[in-house]
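All remarks here apply to the structure that follows.
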Amino acid sequence: MDYELWTMNYTDINILELLPQRPPFVMVDHLTDYDETQSSCNLTIRPDNVFCEDGELASAGLIEHIAQTCAARLGYYNKYVLKGSVRLGFIGEVKDLVIVRLPRQGETIETTVTVMQEIYDVTLVSAEVRVGTEVIATTRLKIAQGEQSSE
Amino acid sequence: MILQDNLFTILSHEAGQPAFQVQLHRDWPIYKAHFPGHPITPGVCIVQMVQELLQVHLGRKVSLLGAKNVKYTSIVSPEEVTDLTVTFPKIDPQPDASLKVQAQVSAGDKLCTKLSATFR
């Protein structure tokens, strides 16, 4: 990674630059950390989030947030490291998902994904979702990259 | 976001049987966001659809506690397929009152999603 990228403040990046998804289906606010094997994103649960129900982020929103943490990592790599374009991504598999509790409205969750394996266009990660230091969900995901995003 | 009657409609459900025919709505607004120009049913919404259908079958609300495995074997694009079959080969009540559930989502004879999860 070059020096400019090394010293970059990831949270300054508009998340839409890194993701193929568009509002209202955007489930991460910022990339907060990036390196080749580990990346993190955060999300504050707002009442206007499409997955916010009864004051909580629904489980589908939580899993989508984890998947988009992977998407933001791949988007950063494709755009800032490879100087290419963001590509579409799909969940291939969710494995060993444990939801301890759902995040509540007003809380900020931070998710760290750790790359376990990367083979061509398929990435296998383990993920941990936290509110502060409390771990509220863990899982493993397989993400497949597809064609370039049209936006 | 409730998906029933927004993303999908139940076409048929035999009372008491955990099997459903559903139809996806091509004009669901989320398809424009996931992804612009490439409408694809979000994998997480397939999990939620399974959960909502399980609720219809059980006649009560359930929440997802975890999943051993959710495998997406083919993409569900509303441009190619709108009619899906959702079946529940297993709905096993556990001693702790949770339910171990297996579900399959198919388009014709093509399996799209296989899920093995725990609900309560």
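Letters A, B, ... go to the chains of the structure tokens in the order shown; residues in each chain start at 1; ligands are counted from 1 in the same order.
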Please identify all residues of chain B having at least one atom at most 12 Å from any atom of chain A, considering only C-alpha atoms, and return them as a tab-separated table (two decimals) with C-alpha atoms, in the first residue's frame.
chain	number	residue	atom	x	y	z
B	1	MET	CA	-39.76	-3.47	6.37
B	2	ILE	CA	-42.40	-6.15	6.01
B	3	LEU	CA	-41.73	-8.07	2.81
B	29	PRO	CA	-38.48	-0.18	-5.03
B	30	ILE	CA	-35.51	-1.92	-3.39
B	31	TYR	CA	-34.69	-3.59	-6.73
B	32	LYS	CA	-33.63	-0.14	-7.99
B	33	ALA	CA	-31.12	0.11	-5.12
B	34	HIS	CA	-29.89	-3.50	-5.24
B	35	PHE	CA	-28.52	-2.88	-7.77
B	36	PRO	CA	-29.09	0.09	-10.13
B	37	GLY	CA	-29.65	-1.48	-13.55
B	38	HIS	CA	-29.19	-4.99	-12.12
B	39	PRO	CA	-32.20	-5.92	-9.98
B	40	ILE	CA	-31.31	-8.87	-7.76
B	41	THR	CA	-33.24	-10.11	-4.74
B	42	PRO	CA	-31.00	-9.42	-1.71
B	43	GLY	CA	-29.96	-12.69	-0.07
B	44	VAL	CA	-30.89	-11.31	3.34
B	45	CYS	CA	-34.42	-10.63	2.09
B	46	ILE	CA	-34.75	-14.28	1.09
B	47	VAL	CA	-33.95	-15.17	4.72
B	48	GLN	CA	-36.55	-12.67	5.92
B	49	MET	CA	-39.12	-14.00	3.42
B	50	VAL	CA	-38.53	-17.50	4.83
B	51	GLN	CA	-39.02	-16.07	8.34
B	52	GLU	CA	-42.27	-14.31	7.36
B	62	VAL	CA	-40.60	-15.57	15.44
B	63	SER	CA	-37.13	-14.09	15.46
B	64	LEU	CA	-33.89	-15.39	14.03
B	65	LEU	CA	-31.44	-16.57	16.70
B	66	GLY	CA	-28.81	-17.95	14.38
B	67	ALA	CA	-28.07	-20.02	11.33
B	68	LYS	CA	-25.86	-23.03	10.87
B	69	ASN	CA	-25.87	-22.43	7.17
B	70	VAL	CA	-27.60	-20.40	4.47
B	71	LYS	CA	-26.41	-21.38	1.03
B	72	TYR	CA	-27.26	-19.35	-2.06
B	73	THR	CA	-26.89	-21.60	-5.07
B	74	SER	CA	-28.34	-19.28	-7.66
B	75	ILE	CA	-29.17	-15.59	-7.92
B	76	VAL	CA	-32.86	-14.62	-7.90
B	112	CYS	CA	-31.92	-21.08	-5.14
B	113	THR	CA	-31.41	-21.07	-1.38
B	114	LYS	CA	-31.02	-23.71	1.31
B	115	LEU	CA	-31.29	-22.63	4.91
B	116	SER	CA	-30.68	-24.31	8.24
B	117	ALA	CA	-31.47	-21.91	11.07
B	118	THR	CA	-32.77	-21.49	14.60
B	119	PHE	CA	-35.77	-19.29	15.37
B	120	ARG	CA	-37.65	-18.45	18.50
Exercise for review: For Leu24 of chain B, work out the shell of residues within 10 Å, counting only C-alpha atoms and skipping chain neighbours fewer than 6 positions away, then give it as a ChimeraX atom specification.
Suggested key: /B:3-10,41,76-78,81-84
Point to revise | Selection: 9 Å around Gly75 of chain A, only C-alpha atoms, excl. self and same-chain fewer than 2 positions, as a PyMOL selection string | key: chain A and resi 17-20+70-73+77-80+85-87
Write out, as an mmCIF file, in the first residue's frame, the residues just selected, with C-alpha atoms.
data_model
loop_
_atom_site.group_PDB
_atom_site.id
_atom_site.type_symbol
_atom_site.label_atom_id
_atom_site.label_comp_id
_atom_site.auth_asym_id
_atom_site.auth_seq_id
_atom_site.Cartn_x
_atom_site.Cartn_y
_atom_site.Cartn_z
ATOM 1 C CA GLU A 17 -17.997 5.525 -3.589
ATOM 2 C CA LEU A 18 -17.212 2.056 -2.261
ATOM 3 C CA LEU A 19 -20.538 0.254 -2.575
ATOM 4 C CA PRO A 20 -22.643 -0.935 -5.506
ATOM 5 C CA CYS A 70 -17.207 -6.931 3.093
ATOM 6 C CA ALA A 71 -18.461 -4.936 0.087
ATOM 7 C CA ALA A 72 -16.876 -1.714 1.381
ATOM 8 C CA ARG A 73 -13.559 -3.517 1.910
ATOM 9 C CA TYR A 77 -9.476 -2.375 -2.696
ATOM 10 C CA ASN A 78 -10.903 -2.180 -6.227
ATOM 11 C CA LYS A 79 -11.125 1.597 -6.277
ATOM 12 C CA TYR A 80 -8.219 2.918 -4.209
ATOM 13 C CA SER A 85 -14.237 0.234 -10.435
ATOM 14 C CA VAL A 86 -16.579 -1.027 -7.787
ATOM 15 C CA ARG A 87 -18.079 -4.415 -8.641
#
Revision key, fill the gap. In Å and to one decimal, atom CA of Thr112 of chain A is distant from atom CA of Thr32 of chain A by 9.4 Å
Check your understanding: Do you know which residues are at most 9 Å from Gln105 of chain A counting only C-alpha atoms, after dropping those on the same chain fewer than 2 positions away, and could you put them as a list in words?
Key -> Thr44, Ile45, Arg46, Pro47, Cys52, Glu53, Asp54, Gly55, Glu56, Leu57, Pro103, Glu107 and Thr108 of chain A
Output file for the residues above (C-alpha atoms, as an mmCIF file, in the first residue's frame):
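Output saved as selection_30.cif:
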data_model
loop_
_atom_site.group_PDB
_atom_site.id
_atom_site.type_symbol
_atom_site.label_atom_id
_atom_site.label_comp_id
_atom_site.auth_asym_id
_atom_site.auth_seq_id
_atom_site.Cartn_x
_atom_site.Cartn_y
_atom_site.Cartn_z
ATOM 1 C CA THR A 44 -25.812 4.064 13.425
ATOM 2 C CA ILE A 45 -29.349 2.638 13.626
ATOM 3 C CA ARG A 46 -31.695 5.436 12.576
ATOM 4 C CA PRO A 47 -35.494 5.282 12.572
ATOM 5 C CA CYS A 52 -35.486 -0.610 11.522
ATOM 6 C CA GLU A 53 -38.540 -2.180 13.160
ATOM 7 C CA ASP A 54 -39.931 -1.705 16.650
ATOM 8 C CA GLY A 55 -36.818 0.279 17.601
ATOM 9 C CA GLU A 56 -34.366 -2.404 16.447
ATOM 10 C CA LEU A 57 -32.421 -3.259 13.323
ATOM 11 C CA PRO A 103 -28.904 -3.451 17.777
ATOM 12 C CA GLU A 107 -26.873 2.615 18.830
ATOM 13 C CA THR A 108 -23.800 2.535 16.633
#
Practice item. Determine the nearest neighbour of Leu11 of chain B from the options B:Leu53, B:Glu80, B:Gln23, B:Lys61, counting only C-alpha atoms. Key: B:Gln23
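When atom CA of Glu110 of chain A is paired with atom CA of Ile66 of chain A, their separation reads 9.4 Å.
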Residues of segment 6-149 of chain A classed as alpha helix (DSSP H) by DSSP on the backbone are to be reported as a JSON list (two decimals) with N, CA and C atoms, in the first residue's frame.
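The resulting file, result09.json, is reproduced below:
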[["chain", "number", "residue", "atom", "x", "y", "z"],
["A", 6, "TRP", "N", -1.89, 4.78, 3.09],
["A", 6, "TRP", "CA", -1.59, 4.38, 4.46],
["A", 6, "TRP", "C", -2.07, 5.44, 5.45],
["A", 59, "SER", "N", -32.98, -8.61, 11.81],
["A", 59, "SER", "CA", -31.85, -9.51, 11.56],
["A", 59, "SER", "C", -31.37, -9.43, 10.10],
["A", 60, "ALA", "N", -32.31, -9.25, 9.16],
["A", 60, "ALA", "CA", -31.89, -9.13, 7.75],
["A", 60, "ALA", "C", -31.00, -7.89, 7.56],
["A", 61, "GLY", "N", -31.32, -6.81, 8.26],
["A", 61, "GLY", "CA", -30.50, -5.59, 8.18],
["A", 61, "GLY", "C", -29.13, -5.80, 8.78],
["A", 62, "LEU", "N", -29.09, -6.59, 9.86],
["A", 62, "LEU", "CA", -27.81, -6.88, 10.52],
["A", 62, "LEU", "C", -26.91, -7.71, 9.60],
["A", 63, "ILE", "N", -27.47, -8.73, 8.96],
["A", 63, "ILE", "CA", -26.67, -9.57, 8.06],
["A", 63, "ILE", "C", -26.23, -8.74, 6.84],
["A", 64, "GLU", "N", -27.14, -7.89, 6.34],
["A", 64, "GLU", "CA", -26.79, -7.05, 5.20],
["A", 64, "GLU", "C", -25.65, -6.09, 5.58],
["A", 65, "HIS", "N", -25.69, -5.57, 6.80],
["A", 65, "HIS", "CA", -24.62, -4.69, 7.28],
["A", 65, "HIS", "C", -23.26, -5.42, 7.26],
["A", 66, "ILE", "N", -23.26, -6.69, 7.68],
["A", 66, "ILE", "CA", -22.01, -7.47, 7.68],
["A", 66, "ILE", "C", -21.55, -7.68, 6.22],
["A", 67, "ALA", "N", -22.50, -8.03, 5.36],
["A", 67, "ALA", "CA", -22.15, -8.26, 3.95],
["A", 67, "ALA", "C", -21.62, -6.96, 3.31],
["A", 68, "GLN", "N", -22.22, -5.83, 3.67],
["A", 68, "GLN", "CA", -21.76, -4.56, 3.08],
["A", 68, "GLN", "C", -20.43, -4.10, 3.69],
["A", 69, "THR", "N", -20.10, -4.59, 4.89],
["A", 69, "THR", "CA", -18.75, -4.33, 5.43],
["A", 69, "THR", "C", -17.73, -5.02, 4.52],
["A", 70, "CYS", "N", -18.06, -6.23, 4.07],
["A", 70, "CYS", "CA", -17.21, -6.93, 3.09],
["A", 70, "CYS", "C", -17.19, -6.16, 1.77],
["A", 71, "ALA", "N", -18.36, -5.66, 1.35],
["A", 71, "ALA", "CA", -18.46, -4.94, 0.09],
["A", 71, "ALA", "C", -17.62, -3.65, 0.12],
["A", 72, "ALA", "N", -17.65, -2.96, 1.27],
["A", 72, "ALA", "CA", -16.88, -1.71, 1.38],
["A", 72, "ALA", "C", -15.37, -2.01, 1.32],
["A", 73, "ARG", "N", -14.97, -3.11, 1.96],
["A", 73, "ARG", "CA", -13.56, -3.52, 1.91],
["A", 73, "ARG", "C", -13.15, -3.81, 0.47],
["A", 74, "LEU", "N", -13.99, -4.59, -0.25],
["A", 74, "LEU", "CA", -13.68, -4.92, -1.64],
["A", 74, "LEU", "C", -13.72, -3.67, -2.52],
["A", 75, "GLY", "N", -14.70, -2.80, -2.23],
["A", 75, "GLY", "CA", -14.83, -1.55, -2.99],
["A", 75, "GLY", "C", -13.59, -0.67, -2.81],
["A", 76, "TYR", "N", -13.09, -0.60, -1.58],
["A", 76, "TYR", "CA", -11.89, 0.19, -1.31],
["A", 76, "TYR", "C", -10.70, -0.40, -2.07]]
Review point. Within 6 Å of Thr123 of chain A, counting only C-alpha atoms, which residues qualify if same-chain residues fewer than 3 places away don't, as number ranges by chain?
Key: A: 117-118, 142-143
Practice item. Check chain B with DSSP on the backbone and list each residue it calls strand (DSSP E), as an MDAnalysis selection string. Key: chainID B and resid 8:13 19:24 64:72 83:93 99:107 110:119
Dump C-alpha atoms for the selected residues as a PDB file, in the first residue's frame?
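Everything below was put into result34.pdb:
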ATOM      1  CA  PHE B   8     -43.701 -10.986  -2.519  1.00  0.00           C
ATOM      2  CA  THR B   9     -47.284 -12.229  -2.487  1.00  0.00           C
ATOM      3  CA  ILE B  10     -48.369 -15.680  -1.357  1.00  0.00           C
ATOM      4  CA  LEU B  11     -50.023 -17.387  -4.326  1.00  0.00           C
ATOM      5  CA  SER B  12     -50.889 -20.572  -2.521  1.00  0.00           C
ATOM      6  CA  HIS B  13     -50.492 -22.154   0.867  1.00  0.00           C
ATOM      7  CA  ALA B  19     -45.123 -25.159   1.709  1.00  0.00           C
ATOM      8  CA  PHE B  20     -45.778 -21.953  -0.213  1.00  0.00           C
ATOM      9  CA  GLN B  21     -45.911 -20.692  -3.765  1.00  0.00           C
ATOM     10  CA  VAL B  22     -44.929 -17.035  -3.859  1.00  0.00           C
ATOM     11  CA  GLN B  23     -44.603 -14.418  -6.548  1.00  0.00           C
ATOM     12  CA  LEU B  24     -41.989 -11.655  -6.453  1.00  0.00           C
ATOM     13  CA  LEU B  64     -33.891 -15.394  14.033  1.00  0.00           C
ATOM     14  CA  LEU B  65     -31.440 -16.570  16.704  1.00  0.00           C
ATOM     15  CA  GLY B  66     -28.806 -17.946  14.380  1.00  0.00           C
ATOM     16  CA  ALA B  67     -28.065 -20.017  11.331  1.00  0.00           C
ATOM     17  CA  LYS B  68     -25.864 -23.032  10.868  1.00  0.00           C
ATOM     18  CA  ASN B  69     -25.867 -22.427   7.170  1.00  0.00           C
ATOM     19  CA  VAL B  70     -27.600 -20.397   4.465  1.00  0.00           C
ATOM     20  CA  LYS B  71     -26.407 -21.383   1.034  1.00  0.00           C
ATOM     21  CA  TYR B  72     -27.261 -19.349  -2.064  1.00  0.00           C
ATOM     22  CA  ASP B  83     -42.420 -17.534  -9.115  1.00  0.00           C
ATOM     23  CA  LEU B  84     -40.763 -19.317  -6.226  1.00  0.00           C
ATOM     24  CA  THR B  85     -41.553 -22.362  -4.123  1.00  0.00           C
ATOM     25  CA  VAL B  86     -40.644 -22.238  -0.443  1.00  0.00           C
ATOM     26  CA  THR B  87     -40.743 -25.455   1.546  1.00  0.00           C
ATOM     27  CA  PHE B  88     -39.813 -26.356   5.099  1.00  0.00           C
ATOM     28  CA  PRO B  89     -38.494 -29.944   5.223  1.00  0.00           C
ATOM     29  CA  LYS B  90     -37.925 -29.606   8.968  1.00  0.00           C
ATOM     30  CA  ILE B  91     -39.471 -27.518  11.767  1.00  0.00           C
ATOM     31  CA  ASP B  92     -38.258 -29.128  14.991  1.00  0.00           C
ATOM     32  CA  PRO B  93     -39.189 -27.689  18.393  1.00  0.00           C
ATOM     33  CA  LEU B  99     -37.190 -24.151  16.572  1.00  0.00           C
ATOM     34  CA  LYS B 100     -34.612 -25.782  14.354  1.00  0.00           C
ATOM     35  CA  VAL B 101     -35.761 -25.077  10.835  1.00  0.00           C
ATOM     36  CA  GLN B 102     -34.715 -26.169   7.387  1.00  0.00           C
ATOM     37  CA  ALA B 103     -36.074 -24.317   4.391  1.00  0.00           C
ATOM     38  CA  GLN B 104     -35.586 -24.482   0.647  1.00  0.00           C
ATOM     39  CA  VAL B 105     -36.352 -21.817  -1.914  1.00  0.00           C
ATOM     40  CA  SER B 106     -36.582 -22.964  -5.527  1.00  0.00           C
ATOM     41  CA  ALA B 107     -37.518 -21.581  -8.904  1.00  0.00           C
ATOM     42  CA  LYS B 110     -33.697 -25.061  -9.650  1.00  0.00           C
ATOM     43  CA  LEU B 111     -32.719 -24.733  -5.990  1.00  0.00           C
ATOM     44  CA  CYS B 112     -31.916 -21.081  -5.140  1.00  0.00           C
ATOM     45  CA  THR B 113     -31.415 -21.070  -1.376  1.00  0.00           C
ATOM     46  CA  LYS B 114     -31.025 -23.712   1.306  1.00  0.00           C
ATOM     47  CA  LEU B 115     -31.290 -22.626   4.909  1.00  0.00           C
ATOM     48  CA  SER B 116     -30.677 -24.311   8.236  1.00  0.00           C
ATOM     49  CA  ALA B 117     -31.468 -21.913  11.069  1.00  0.00           C
ATOM     50  CA  THR B 118     -32.769 -21.489  14.599  1.00  0.00           C
ATOM     51  CA  PHE B 119     -35.772 -19.293  15.371  1.00  0.00           C
TER      52      PHE B 119
END
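Our summary of the geometry notes that atom CA of Ile13 of chain A is positioned 19.6 Å from atom CA of Thr37 of chain A.
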